[in-house]
Structures are given as structure tokens and as C-alpha cells.
$ cat data_25.cif   # mmCIF, C-alpha atoms and all ligand atoms
data_start
loop_
_atom_site.label_atom_id
_atom_site.label_comp_id
_atom_site.auth_asym_id
_atom_site.auth_seq_id
_atom_site.Cartn_x
_atom_site.Cartn_y
_atom_site.Cartn_z
CA LYS A 1316 11.25 -11.47 11.01
CA PRO A 1317 9.79 -8.98 8.53
CA THR A 1318 9.60 -10.08 4.92
CA HIS A 1319 10.59 -7.81 2.03
CA TYR A 1320 7.85 -7.92 -0.58
CA GLY A 1321 8.01 -6.55 -4.10
CA TRP A 1322 4.50 -5.92 -5.49
CA ILE A 1323 3.38 -5.07 -9.04
CA GLY A 1324 -0.26 -3.97 -9.42
CA LEU A 1325 -1.81 -1.93 -6.61
CA GLY A 1326 -5.40 -1.72 -7.85
CA ASN A 1327 -8.68 -2.70 -6.20
CA MET A 1328 -7.19 -5.97 -4.94
CA GLY A 1329 -3.45 -5.19 -4.71
CA GLY A 1330 -4.05 -2.02 -2.67
CA PRO A 1331 -5.79 -3.61 0.31
CA MET A 1332 -3.69 -6.81 0.06
CA THR A 1333 -0.45 -4.86 0.45
CA GLY A 1334 -2.03 -2.77 3.23
CA ASN A 1335 -2.52 -5.99 5.21
CA LEU A 1336 1.11 -6.97 4.67
CA VAL A 1337 2.24 -3.62 6.05
CA ASP A 1338 -0.14 -3.98 9.00
CA ALA A 1339 1.43 -7.37 9.72
CA GLY A 1340 4.83 -5.68 10.03
CA HIS A 1341 6.35 -6.40 6.61
CA SER A 1342 7.91 -4.03 4.10
CA VAL A 1343 6.41 -3.65 0.63
CA ARG A 1344 7.92 -1.89 -2.37
CA GLY A 1345 5.11 -1.34 -4.85
CA VAL A 1346 4.73 -0.43 -8.50
CA ASP A 1347 1.71 0.68 -10.50
CA LEU A 1348 1.35 2.56 -13.77
CA ASP A 1349 -1.51 4.54 -12.27
CA GLN A 1350 -0.38 7.38 -9.99
CA ARG A 1351 -3.56 7.39 -7.95
CA SER A 1352 -3.29 3.69 -7.12
CA LEU A 1353 0.32 4.29 -6.15
CA ARG A 1354 -0.62 7.17 -3.84
CA ASP A 1355 -3.46 5.17 -2.26
CA ALA A 1356 -1.06 2.31 -1.56
CA GLN A 1357 1.43 4.76 -0.08
CA GLN A 1358 -1.32 5.86 2.32
CA ARG A 1359 -1.51 2.24 3.44
CA GLY A 1360 2.23 2.18 4.15
CA VAL A 1361 3.57 0.76 0.86
CA THR A 1362 6.83 2.29 -0.37
CA PRO A 1363 6.24 3.43 -3.95
CA VAL A 1364 9.11 2.74 -6.32
CA SER A 1365 9.58 3.81 -9.91
CA GLY A 1366 9.83 0.45 -11.63
CA VAL A 1367 9.92 -3.32 -11.50
CA ALA A 1368 13.73 -3.42 -11.06
CA GLU A 1369 13.56 -1.49 -7.81
CA ALA A 1370 10.65 -3.57 -6.50
CA VAL A 1371 12.37 -6.87 -7.28
CA GLN A 1372 15.91 -6.16 -6.09
CA GLY A 1373 16.49 -7.57 -2.61
CA ALA A 1374 12.90 -8.83 -2.29
CA ASP A 1375 12.25 -12.19 -0.63
CA VAL A 1376 9.12 -12.58 -2.70
CA VAL A 1377 7.52 -10.72 -5.62
CA PHE A 1378 3.78 -10.68 -6.22
CA THR A 1379 1.94 -9.61 -9.35
CA MET A 1380 -1.74 -8.60 -9.08
CA LEU A 1381 -2.52 -7.38 -12.58
CA PRO A 1382 -5.68 -7.14 -14.72
CA ALA A 1383 -5.07 -10.04 -17.14
CA GLY A 1384 -2.63 -12.40 -18.86
CA GLN A 1385 -1.20 -9.85 -21.28
CA HIS A 1386 -0.19 -7.54 -18.40
CA VAL A 1387 1.42 -10.44 -16.54
CA ARG A 1388 3.45 -11.47 -19.62
CA GLU A 1389 4.58 -7.89 -20.15
CA VAL A 1390 5.61 -7.35 -16.51
CA TYR A 1391 7.50 -10.65 -16.44
CA ALA A 1392 9.17 -10.77 -19.85
CA GLY A 1393 9.04 -7.18 -21.09
CA GLU A 1394 12.06 -4.91 -21.10
CA GLY A 1395 13.16 -4.20 -17.53
CA GLY A 1396 10.73 -6.86 -16.32
CA ILE A 1397 10.81 -9.37 -13.49
CA PHE A 1398 12.76 -12.00 -15.44
CA GLU A 1399 15.57 -9.49 -16.05
CA HIS A 1400 15.92 -8.58 -12.40
CA ALA A 1401 14.84 -11.53 -10.25
CA SER A 1402 17.37 -13.81 -8.60
CA GLN A 1403 17.00 -17.49 -7.76
CA ASP A 1404 16.51 -16.54 -4.11
CA THR A 1405 13.35 -14.62 -4.93
CA LEU A 1406 10.06 -16.50 -5.03
CA LEU A 1407 7.76 -15.21 -7.80
CA ILE A 1408 4.01 -15.38 -7.21
CA ASP A 1409 1.24 -14.38 -9.61
CA SER A 1410 -2.13 -13.83 -7.91
CA SER A 1411 -3.86 -12.36 -10.97
CA THR A 1412 -6.67 -14.28 -12.66
CA VAL A 1413 -5.07 -15.14 -16.01
CA ASP A 1414 -5.81 -17.47 -18.89
CA PHE A 1415 -4.56 -21.00 -18.36
CA GLU A 1416 -2.01 -20.73 -21.18
CA THR A 1417 -0.41 -17.62 -19.67
CA SER A 1418 -0.07 -19.41 -16.36
CA ARG A 1419 1.61 -22.38 -18.06
CA TRP A 1420 3.88 -19.93 -19.89
CA CYS A 1421 4.92 -18.26 -16.61
CA HIS A 1422 5.93 -21.61 -15.12
CA ARG A 1423 7.82 -22.63 -18.28
CA GLU A 1424 9.65 -19.34 -18.75
CA ALA A 1425 10.59 -19.09 -15.07
CA GLU A 1426 11.93 -22.64 -15.06
CA ALA A 1427 13.94 -22.02 -18.23
CA ARG A 1428 15.70 -19.19 -16.37
CA GLY A 1429 16.25 -21.18 -13.20
CA LEU A 1430 13.70 -19.04 -11.34
CA ARG A 1431 10.96 -20.20 -8.94
CA PHE A 1432 7.34 -19.36 -9.78
CA VAL A 1433 3.97 -20.29 -8.26
CA ASP A 1434 0.45 -19.42 -9.42
CA ALA A 1435 -1.73 -18.28 -6.51
CA PRO A 1436 -5.00 -16.75 -7.69
CA VAL A 1437 -7.56 -15.64 -5.14
CA SER A 1438 -11.25 -15.77 -4.45
CA GLY A 1439 -13.10 -13.43 -2.10
CA GLY A 1440 -13.22 -10.13 -3.96
CA ILE A 1441 -12.38 -6.64 -2.76
CA SER A 1442 -14.08 -7.17 0.61
CA GLY A 1443 -12.00 -10.31 1.17
CA ALA A 1444 -8.87 -8.40 0.19
CA GLU A 1445 -9.68 -5.65 2.73
CA ALA A 1446 -10.53 -8.12 5.49
CA ALA A 1447 -7.51 -10.39 4.80
CA THR A 1448 -9.85 -13.34 4.32
CA LEU A 1449 -9.03 -14.23 0.71
CA THR A 1450 -8.87 -17.86 -0.38
CA PHE A 1451 -5.59 -18.58 -2.18
CA MET A 1452 -5.25 -21.57 -4.53
CA VAL A 1453 -1.58 -22.31 -5.00
CA GLY A 1454 0.11 -24.32 -7.77
CA GLY A 1455 3.76 -25.16 -8.34
CA ARG A 1456 6.60 -27.36 -7.19
CA ALA A 1457 5.90 -28.66 -3.67
CA GLU A 1458 8.87 -26.89 -2.07
CA ASP A 1459 7.99 -23.59 -3.75
CA VAL A 1460 4.34 -23.86 -2.71
CA GLU A 1461 5.41 -24.57 0.85
CA GLN A 1462 7.66 -21.54 0.85
CA ALA A 1463 4.82 -19.40 -0.55
CA LEU A 1464 2.38 -20.20 2.26
CA PRO A 1465 3.84 -17.94 5.01
CA TYR A 1466 4.18 -15.07 2.49
CA ILE A 1467 0.49 -15.44 1.64
CA GLU A 1468 -0.73 -15.94 5.20
CA PRO A 1469 -1.18 -12.25 6.25
CA MET A 1470 -3.68 -11.76 3.37
CA ALA A 1471 -5.54 -15.06 3.57
CA GLY A 1472 -8.49 -16.72 5.24
CA ASN A 1473 -7.83 -20.06 3.52
CA THR A 1474 -4.81 -21.25 1.57
CA PHE A 1475 -4.88 -24.44 -0.48
CA PRO A 1476 -1.85 -26.10 -1.97
CA ALA A 1477 -3.73 -27.18 -5.11
CA GLY A 1478 -1.08 -29.27 -6.86
CA GLY A 1479 1.62 -28.77 -9.47
CA ALA A 1480 2.16 -25.98 -11.99
CA SER A 1481 -1.06 -24.05 -12.79
CA ALA A 1482 -3.21 -26.13 -10.42
CA GLY A 1483 -4.13 -22.89 -8.62
CA ILE A 1484 -5.43 -21.18 -11.75
CA ALA A 1485 -7.21 -24.39 -12.78
CA ALA A 1486 -9.07 -24.38 -9.45
CA LYS A 1487 -9.88 -20.68 -9.76
CA LEU A 1488 -11.28 -20.98 -13.30
CA ALA A 1489 -13.35 -24.08 -12.52
CA ASN A 1490 -14.69 -22.54 -9.31
CA ASN A 1491 -15.68 -19.27 -10.94
CA MET A 1492 -17.28 -21.10 -13.82
CA MET A 1493 -19.46 -23.00 -11.32
CA LEU A 1494 -20.31 -19.71 -9.64
CA GLY A 1495 -21.41 -18.22 -12.97
CA ILE A 1496 -23.66 -21.19 -13.65
CA SER A 1497 -25.13 -21.23 -10.14
CA ILE A 1498 -26.01 -17.54 -10.39
CA MET A 1499 -28.14 -18.44 -13.40
CA ALA A 1500 -29.75 -21.28 -11.46
CA ALA A 1501 -30.58 -19.00 -8.52
CA SER A 1502 -31.92 -16.38 -10.93
CA GLU A 1503 -34.23 -18.70 -12.81
CA GLY A 1504 -35.32 -20.68 -9.74
CA SER A 1505 -36.18 -17.56 -7.79
CA GLN A 1506 -38.32 -16.19 -10.61
CA LEU A 1507 -40.10 -19.46 -11.31
CA ALA A 1508 -40.98 -19.92 -7.62
CA GLU A 1509 -42.39 -16.43 -7.42
CA ARG A 1510 -44.33 -16.71 -10.69
CA LEU A 1511 -45.89 -19.93 -9.41
CA GLY A 1512 -47.13 -18.08 -6.36
CA LEU A 1513 -44.57 -18.98 -3.71
CA ASP A 1514 -43.59 -16.45 -1.08
CA PRO A 1515 -39.91 -15.68 -1.84
CA LYS A 1516 -38.80 -16.05 1.79
CA VAL A 1517 -40.60 -19.36 2.16
CA PHE A 1518 -38.96 -20.66 -1.01
CA TRP A 1519 -35.54 -19.40 0.04
CA ASP A 1520 -35.89 -21.21 3.39
CA ILE A 1521 -36.87 -24.43 1.60
CA VAL A 1522 -34.14 -24.32 -1.02
CA SER A 1523 -31.50 -23.39 1.58
CA VAL A 1524 -31.80 -26.88 3.09
CA SER A 1525 -32.69 -28.67 -0.15
CA SER A 1526 -30.83 -29.92 -3.18
CA GLY A 1527 -31.13 -26.66 -5.16
CA GLN A 1528 -28.98 -24.75 -2.70
CA SER A 1529 -25.76 -23.02 -3.72
CA TRP A 1530 -23.43 -20.37 -2.44
CA ALA A 1531 -24.92 -17.91 -4.95
CA GLN A 1532 -28.42 -18.72 -3.72
CA LYS A 1533 -27.41 -18.34 -0.07
CA THR A 1534 -25.43 -15.09 -0.35
CA TRP A 1535 -26.53 -13.34 -3.55
CA TYR A 1536 -30.20 -14.33 -3.88
CA PRO A 1537 -31.48 -12.05 -6.65
CA VAL A 1538 -34.73 -11.01 -4.97
CA PRO A 1539 -34.81 -7.89 -2.77
CA GLY A 1540 -35.41 -8.28 0.96
CA ILE A 1541 -34.43 -11.94 1.37
CA VAL A 1542 -30.65 -12.04 1.97
CA GLU A 1543 -28.93 -9.01 3.41
CA SER A 1544 -25.69 -9.49 1.44
CA ALA A 1545 -27.45 -9.54 -1.95
CA ALA A 1546 -26.94 -6.75 -4.49
CA ALA A 1547 -30.68 -7.04 -5.24
CA ASN A 1548 -31.25 -4.97 -2.08
CA ASN A 1549 -28.99 -2.27 -3.36
CA ASN A 1550 -30.16 -1.46 -6.88
CA TYR A 1551 -27.69 -4.10 -8.15
CA ASP A 1552 -24.67 -1.98 -7.28
CA ALA A 1553 -21.83 -4.43 -7.73
CA THR A 1554 -20.81 -6.97 -5.15
CA PHE A 1555 -19.16 -8.81 -8.04
CA ARG A 1556 -19.14 -6.83 -11.26
CA ALA A 1557 -20.77 -8.43 -14.28
CA ASP A 1558 -17.75 -7.63 -16.46
CA LEU A 1559 -15.39 -9.42 -14.03
CA ALA A 1560 -17.69 -12.45 -13.92
CA LEU A 1561 -17.72 -12.33 -17.73
CA LYS A 1562 -13.92 -12.24 -17.77
CA ASP A 1563 -13.71 -15.33 -15.56
CA LEU A 1564 -16.27 -17.28 -17.60
CA THR A 1565 -14.48 -16.34 -20.80
CA LEU A 1566 -11.20 -17.69 -19.41
CA ALA A 1567 -12.94 -20.87 -18.23
CA THR A 1568 -14.71 -21.59 -21.52
CA GLN A 1569 -11.52 -20.81 -23.43
CA ALA A 1570 -9.64 -23.35 -21.29
CA GLY A 1571 -12.50 -25.79 -21.85
CA THR A 1572 -12.37 -25.39 -25.61
CA GLU A 1573 -8.61 -25.96 -25.61
CA ALA A 1574 -9.21 -29.09 -23.52
CA ASP A 1575 -11.89 -30.42 -25.92
CA LEU A 1576 -14.80 -30.02 -23.52
CA ARG A 1577 -18.34 -28.90 -24.24
CA LEU A 1578 -19.27 -26.43 -21.49
CA THR A 1579 -22.85 -25.74 -22.48
CA ALA A 1580 -24.10 -24.18 -19.24
CA ALA A 1581 -21.00 -22.01 -18.88
CA GLU A 1582 -21.49 -20.72 -22.45
CA LEU A 1583 -25.07 -19.78 -21.59
CA ALA A 1584 -24.05 -17.99 -18.40
CA LYS A 1585 -21.37 -16.17 -20.35
CA SER A 1586 -23.88 -14.99 -22.95
CA GLN A 1587 -26.13 -13.53 -20.25
CA LEU A 1588 -23.23 -11.59 -18.71
CA GLN A 1589 -22.17 -10.51 -22.21
CA ALA A 1590 -25.68 -9.11 -22.73
CA LEU A 1591 -25.29 -6.97 -19.60
CA ALA A 1592 -21.91 -5.73 -20.83
CA ASP A 1593 -23.39 -4.94 -24.27
CA GLU A 1594 -26.05 -2.83 -22.57
CA GLY A 1595 -23.37 -0.83 -20.76
CA LEU A 1596 -24.19 -2.56 -17.45
CA GLY A 1597 -20.85 -4.33 -16.97
CA HIS A 1598 -20.19 -2.27 -13.85
CA LYS A 1599 -23.42 -3.52 -12.21
CA ASP A 1600 -23.71 -6.71 -10.20
CA CYS A 1601 -23.56 -10.06 -12.02
CA THR A 1602 -26.91 -11.11 -10.48
CA LEU A 1603 -28.62 -8.46 -12.61
CA ILE A 1604 -28.88 -11.20 -15.29
CA THR A 1605 -32.17 -11.92 -13.47
CA LYS A 1606 -33.70 -9.18 -15.58
CA TYR A 1607 -33.43 -11.44 -18.64
CA VAL A 1608 -35.58 -14.00 -16.82
CA SER A 1609 -38.16 -11.57 -15.53
CA PRO A 1610 -37.88 -7.84 -16.22
CA GLU A 1611 -39.96 -6.97 -13.16
CA GLY A 1612 -37.88 -9.33 -11.00
CA ALA A 1613 -34.82 -7.16 -11.42
CA ALA A 1614 -35.99 -3.82 -12.73
P1 LIG B 1 -7.44 -3.41 -11.04
O1 LIG B 1 -7.59 -3.08 -12.46
O2 LIG B 1 -8.17 -2.62 -10.00
O3 LIG B 1 -5.88 -3.38 -10.64
C1 LIG B 1 -4.85 -3.76 -11.50
C2 LIG B 1 -3.72 -2.72 -11.37
O4 LIG B 1 -2.63 -3.11 -12.20
C3 LIG B 1 -4.15 -1.33 -11.83
O5 LIG B 1 -3.94 -0.40 -10.77
C4 LIG B 1 -3.24 -1.06 -13.03
O6 LIG B 1 -2.86 0.31 -13.13
C5 LIG B 1 -2.06 -1.93 -12.72
N1 LIG B 1 -1.25 -2.26 -13.90
C6 LIG B 1 -1.66 -2.68 -15.12
N2 LIG B 1 -0.61 -2.90 -15.93
C7 LIG B 1 0.50 -2.63 -15.19
C8 LIG B 1 1.90 -2.67 -15.47
N3 LIG B 1 2.35 -3.05 -16.68
N4 LIG B 1 2.75 -2.31 -14.48
C9 LIG B 1 2.31 -1.93 -13.28
N5 LIG B 1 0.98 -1.87 -12.95
C10 LIG B 1 0.10 -2.21 -13.90
O7 LIG B 1 -7.82 -4.98 -10.90
P2 LIG B 1 -8.18 -5.75 -9.55
O8 LIG B 1 -9.64 -5.69 -9.31
O9 LIG B 1 -7.21 -5.35 -8.48
O10 LIG B 1 -7.86 -7.25 -10.01
C11 LIG B 1 -6.53 -7.74 -10.16
C12 LIG B 1 -6.59 -9.20 -10.56
O11 LIG B 1 -7.28 -9.95 -9.55
C13 LIG B 1 -7.37 -9.48 -11.85
O12 LIG B 1 -6.70 -10.48 -12.56
C14 LIG B 1 -8.73 -9.92 -11.38
O13 LIG B 1 -9.38 -10.76 -12.29
C15 LIG B 1 -8.36 -10.67 -10.11
N6 LIG B 1 -9.44 -10.74 -9.12
C16 LIG B 1 -10.22 -9.67 -8.90
C17 LIG B 1 -11.25 -9.74 -7.96
C18 LIG B 1 -12.16 -8.55 -7.70
O14 LIG B 1 -13.22 -8.75 -7.11
N7 LIG B 1 -11.78 -7.33 -8.08
C19 LIG B 1 -11.45 -10.93 -7.26
C20 LIG B 1 -10.60 -12.01 -7.47
C21 LIG B 1 -9.59 -11.90 -8.43
#
$ encode --input "data_25.cif" --output "C-alpha cells" --more "lines below"
Ligand code: NAD
Amino acid sequence: KPTHYGWIGLGNMGGPMTGNLVDAGHSVRGVDLDQRSLRDAQQRGVTPVSGVAEAVQGADVVFTMLPAGQHVREVYAGEGGIFEHASQDTLLIDSSTVDFETSRWCHREAEARGLRFVDAPVSGGISGAEAATLTFMVGGRAEDVEQALPYIEPMAGNTFPAGGASAGIAAKLANNMMLGISIMAASEGSQLAERLGLDPKVFWDIVSVSSGQSWAQKTWYPVPGIVESAAANNNYDATFRADLALKDLTLATQAGTEADLRLTAAELAKSQLQALADEGLGHKDCTLITKYVSPEGAA
């Protein structure tokens, strides 16, 4: 039977995600502050509504897909927000990438009101959102997580019950931190191999079956002409924007600091992405950090 979704945040991710829900036969009432995003979602079959109240009332499940923690807090606890209008029958799901503390806050505040909340951030980017192949990492009470799975299914390639409250966001932050570090490794390794006279394709073939391999090396190798999916072939137009990678590393290192960890490699990766942002290149691909290793490697 069709599910009634309420959806707040119809941007680059929320737009295609809700389109897939509609295509699967469900109804979606959507909200966004930006009129263009709202119109684009309407083109995909989403019913635009004027505010959170209208999106939440009568919904089986309400998703938020917002830029960052502050937007999530505002949409949940602000005047006329989700907490004011949600009922105990409605499952609340945040799929935004937020700071760990905001995720903990969502769980706490929902529980204090007798409401049911799960964190379910995603990996897979805009292309994964379009193709309905996103990976969802889901945290919360077991029965709430179980109830969330079928609501997530039409948008997902993989869905992982990750554990209790905020386990989803913990997985997302740790994963994206490892990605940030492995991009640096692929960058520096690729440039060293070339500078030492190796043919880039020969080295890529070797490393692909050796201990230096990584997802970043396999899919985003920062040398033109080696891997088709790499932004290096495309003037570093973004596959994954440097400023979004910077956001994720900032959230990860912040969580690490609060947890008394020393995340040395993550701090380094963050500083490289920060340098791109400072140069006004935040909209370019994150693998453009290769230019700090070898200017001619990534001109
Ligand atoms: P986006 O900026 O394109 O979309 C966010 C939307 O939220 C915008 O349309 C904005 O107008 C809307 N919005 C902001 N405040 C609002 C409010 N108070 N009420 C209603 N609407 C509001 O961002 P995105 O790329 O869709 O990313 C969404 C989230 O997903 C982020 O947390 C991001 O980190 C995460 N994420 C993004 C990607 C990616 O590749 N883009 C991948 C994985 C996760």
C-alpha cells in the first residue's frame, strides 16, 4: 500500500530521492524554502506544501534532507516545526549529514516528547540519489530502525541497521573521514609513481591488486586517462565537491576532538581541502588536492 511521506529539503539530494519515492507509487508532500527546488520536485511528482505542518500532518514518515545541523535543529524545534506537529504514529528520519552532537540532540529531544526518531545518513552522492542506489546507515531503537527500512528501500542500494541512537551518523562520519584520507593517499602515490618514472596505467594496475588500493584509487584516480569515472578526465568538474568533502572532514574531526582522539591524517586532509576552498575552488572536485602535490599533475 502506498506510503504517505512528508519531506523537508528538496535540494540536490532530496529532489531525486523524492522522485524515486513517487516513481515507486508513494505520495510525497514536500517543503523547501527555495522556490526553484520546490518546482523541480513538483516536476518529479512531489506535492509542494507551504510548511512543515502540512507536510507532517497525516504522514506515515517524515524525512529531513537539509544542509547541516543548524537547519535540522531549526526544522525540528523551531516555531511551527516537526516537534510541534508530529504524532507518535509518525516515524521521524533525518538523512542529512549533521554533526554528531546535533544527531544526539535529535534523539534526546524526540524521546523527551514521546516521538520516534532515527538517524539515516546516506552515502552515494547525487548520482546515487538519482539511481536509487544510496547506502543508508541507520541508527536508533531496534523497532524504529526496523520500521524505517521499508520506507528507505525505494531510494536505497544498501541499507545497514548500524546500531543504537546516532550509530548511522557515526558510521557516515568515520567512513567519509577515511575517504578524505584515502584521496590524499591516492593523490600522493600517483604523483610519486609518475615522478619515479612509472607508467601511470601500469602503476594503477599494480596498486589495484596490491595493499595500497582503495575505493578512491579505484574510482577517482587523480591522473587523466586511467579511470573513466575520475574527475581528472573532466577538468576536475565535481564528482564530489571539495567543499562537501571539507564539511564531512570538519564534522569528523570535531567529533574526534570531542571524543579525545588525535586524528592527524584527517586534519591534514582537511587542511588540503580547506586550501582549495580558500582559493575559491570549493565547487571543484575534491581530488583536485593533487595540485598541491604536483602542480603539473593536476593543472
Ligand atoms: P542542498 O543544499 O542541495 O539541499 C538542501 C535543501 O534544503 C535546499 O534546497 C534548501 O533550500 C533546503 N532548506 C534549507 N533550510 C531549510 C528549511 N529551514 N526549510 C526547508 N528547506 C530548507 O544539499 P544536498 O546536496 O541535497 O545535501 C543535503 C544533505 O545531504 C547535506 O547534509 C549533505 O551533507 C548530505 N549529503 C550530500 C551528498 C551530495 O553529494 N550532495 C552526499 C551525501 C550526503
$ atom_distance --input "data_25.cif" --atom1 "CA of Ala1444 (chain A)" --atom2 "CA of Met1470 (chain A)"
7.0 Å
$ atom_distance --input "data_25.cif" --atom1 "CA of Leu1583 (chain A)" --atom2 "atom O9 of ligand LIG 1 (chain B)"
26.4 Å
$ residues_near_ligand --input "data_25.cif" --ligand "ligand LIG 1 (chain B)" --cutoff "7 Å" --atoms "only C-alpha atoms and all ligand atoms" --output "CSV table (one decimal) with C-alpha atoms, keeping the file's coordinate frame"
chain,number,residue,atom,x,y,z
A,1323,ILE,CA,3.4,-5.1,-9.0
A,1324,GLY,CA,-0.3,-4.0,-9.4
A,1325,LEU,CA,-1.8,-1.9,-6.6
A,1326,GLY,CA,-5.4,-1.7,-7.8
A,1327,ASN,CA,-8.7,-2.7,-6.2
A,1328,MET,CA,-7.2,-6.0,-4.9
A,1329,GLY,CA,-3.4,-5.2,-4.7
A,1346,VAL,CA,4.7,-0.4,-8.5
A,1347,ASP,CA,1.7,0.7,-10.5
A,1348,LEU,CA,1.4,2.6,-13.8
A,1349,ASP,CA,-1.5,4.5,-12.3
A,1352,SER,CA,-3.3,3.7,-7.1
A,1380,MET,CA,-1.7,-8.6,-9.1
A,1381,LEU,CA,-2.5,-7.4,-12.6
A,1382,PRO,CA,-5.7,-7.1,-14.7
A,1383,ALA,CA,-5.1,-10.0,-17.1
A,1386,HIS,CA,-0.2,-7.5,-18.4
A,1389,GLU,CA,4.6,-7.9,-20.2
A,1390,VAL,CA,5.6,-7.4,-16.5
A,1410,SER,CA,-2.1,-13.8,-7.9
A,1411,SER,CA,-3.9,-12.4,-11.0
A,1412,THR,CA,-6.7,-14.3,-12.7
A,1413,VAL,CA,-5.1,-15.1,-16.0
A,1436,PRO,CA,-5.0,-16.8,-7.7
A,1437,VAL,CA,-7.6,-15.6,-5.1
A,1438,SER,CA,-11.2,-15.8,-4.4
A,1439,GLY,CA,-13.1,-13.4,-2.1
A,1440,GLY,CA,-13.2,-10.1,-4.0
A,1441,ILE,CA,-12.4,-6.6,-2.8
A,1555,PHE,CA,-19.2,-8.8,-8.0
A,1559,LEU,CA,-15.4,-9.4,-14.0
$ atom_distance --input "data_25.cif" --atom1 "CA of Gly1396 (chain A)" --atom2 "CA of Glu1458 (chain A)"
24.7 Å
$ closest_residue --input "data_25.cif" --among "A:Asn1335, A:Gln1569, A:Ser1529, A:Ser1609" --to "Pro1469 (chain A)" --atoms "only C-alpha atoms"
A:Asn1335
$ closest_residue --input "data_25.cif" --among "A:Gln1403, A:Thr1448, A:Ser1497, A:Asn1550" --to "Ala1427 (chain A)" --atoms "all atoms listed in the file"
A:Gln1403
$ residues_around --input "data_25.cif" --residues "Ala1531 (chain A)" --least-positions-apart "6" --cutoff "10 Å" --atoms "only C-alpha atoms" --output "number ranges by chain"
A: 1493-1502, 1537, 1545, 1602
$ residues_around --input "data_25.cif" --residues "Lys1585 (chain A)" --least-positions-apart "3" --cutoff "9 Å" --atoms "all atoms listed in the file" --output "PyMOL selection string"
chain A and resi 1495-1496+1560-1562+1564-1565+1568+1580-1582+1588-1590
$ residues_around --input "data_25.cif" --residues "region 1479-1488 of chain A" --least-positions-apart "3" --cutoff "6 Å" --atoms "all atoms listed in the file" --output "PyMOL selection string"
chain A and resi 1418+1434-1435+1452-1456+1491+1567
$ residues_around --input "data_25.cif" --residues "Glu1611 (chain A)" --least-positions-apart "3" --cutoff "12 Å" --atoms "only C-alpha atoms" --output "VMD selection string"
chain A and resid 1506 1509 to 1510 1537 to 1539 1603 1605 to 1608 1614
$ residues_around --input "data_25.cif" --residues "region 1357-1367 of chain A" --least-positions-apart "3" --cutoff "12 Å" --atoms "only C-alpha atoms" --output "number ranges by chain"
A: 1319-1325, 1329-1354, 1370-1374, 1377-1379, 1389-1401, 1445
$ closest_residue --input "data_25.cif" --among "A:His1598, A:Arg1577, A:His1422, A:Lys1533" --to "Arg1556 (chain A)" --atoms "all atoms listed in the file"
A:His1598
$ closest_residue --input "data_25.cif" --among "A:Gly1571, A:Gly1612, A:Pro1465, A:Gly1478" --to "Thr1318 (chain A)" --atoms "all atoms listed in the file"
A:Pro1465
$ build_atoms --input "data_25.cif" --residues "region 1383-1402 of chain A" --atoms "N, CA and C atoms" --output "short mmCIF file (atom, residue, chain, number, x, y, z; two decimals), in the coordinates of the input"
data_model
loop_
_atom_site.label_atom_id
_atom_site.label_comp_id
_atom_site.auth_asym_id
_atom_site.auth_seq_id
_atom_site.Cartn_x
_atom_site.Cartn_y
_atom_site.Cartn_z
N ALA A 1383 -4.87 -8.84 -16.30
CA ALA A 1383 -5.07 -10.04 -17.14
C ALA A 1383 -3.73 -10.58 -17.64
N GLY A 1384 -3.82 -11.70 -18.39
CA GLY A 1384 -2.63 -12.40 -18.86
C GLY A 1384 -1.64 -11.52 -19.60
N GLN A 1385 -2.13 -10.66 -20.47
CA GLN A 1385 -1.20 -9.85 -21.28
C GLN A 1385 -0.35 -8.93 -20.40
N HIS A 1386 -0.95 -8.41 -19.31
CA HIS A 1386 -0.19 -7.54 -18.40
C HIS A 1386 0.86 -8.34 -17.64
N VAL A 1387 0.49 -9.58 -17.27
CA VAL A 1387 1.42 -10.44 -16.54
C VAL A 1387 2.61 -10.78 -17.44
N ARG A 1388 2.34 -11.14 -18.70
CA ARG A 1388 3.45 -11.47 -19.62
C ARG A 1388 4.38 -10.28 -19.80
N GLU A 1389 3.78 -9.09 -19.93
CA GLU A 1389 4.58 -7.89 -20.15
C GLU A 1389 5.45 -7.59 -18.91
N VAL A 1390 4.87 -7.68 -17.74
CA VAL A 1390 5.61 -7.35 -16.51
C VAL A 1390 6.70 -8.39 -16.24
N TYR A 1391 6.47 -9.63 -16.63
CA TYR A 1391 7.50 -10.65 -16.44
C TYR A 1391 8.59 -10.58 -17.51
N ALA A 1392 8.19 -10.55 -18.78
CA ALA A 1392 9.17 -10.77 -19.85
C ALA A 1392 9.50 -9.51 -20.64
N GLY A 1393 8.77 -8.42 -20.37
CA GLY A 1393 9.04 -7.18 -21.09
C GLY A 1393 10.39 -6.61 -20.70
N GLU A 1394 10.78 -5.55 -21.40
CA GLU A 1394 12.06 -4.91 -21.10
C GLU A 1394 12.05 -4.37 -19.67
N GLY A 1395 13.10 -4.66 -18.92
CA GLY A 1395 13.16 -4.20 -17.53
C GLY A 1395 12.20 -4.95 -16.63
N GLY A 1396 11.73 -6.12 -17.07
CA GLY A 1396 10.73 -6.86 -16.32
C GLY A 1396 11.31 -7.75 -15.24
N ILE A 1397 10.43 -8.54 -14.63
CA ILE A 1397 10.81 -9.37 -13.49
C ILE A 1397 11.91 -10.36 -13.87
N PHE A 1398 11.78 -10.99 -15.05
CA PHE A 1398 12.76 -12.00 -15.44
C PHE A 1398 14.17 -11.40 -15.55
N GLU A 1399 14.26 -10.13 -15.93
CA GLU A 1399 15.57 -9.49 -16.05
C GLU A 1399 16.21 -9.26 -14.70
N HIS A 1400 15.38 -9.07 -13.67
CA HIS A 1400 15.92 -8.58 -12.40
C HIS A 1400 15.84 -9.57 -11.25
N ALA A 1401 15.02 -10.62 -11.38
CA ALA A 1401 14.84 -11.53 -10.25
C ALA A 1401 16.06 -12.44 -10.09
N SER A 1402 16.32 -12.83 -8.86
CA SER A 1402 17.37 -13.81 -8.60
C SER A 1402 16.72 -15.12 -8.18
#
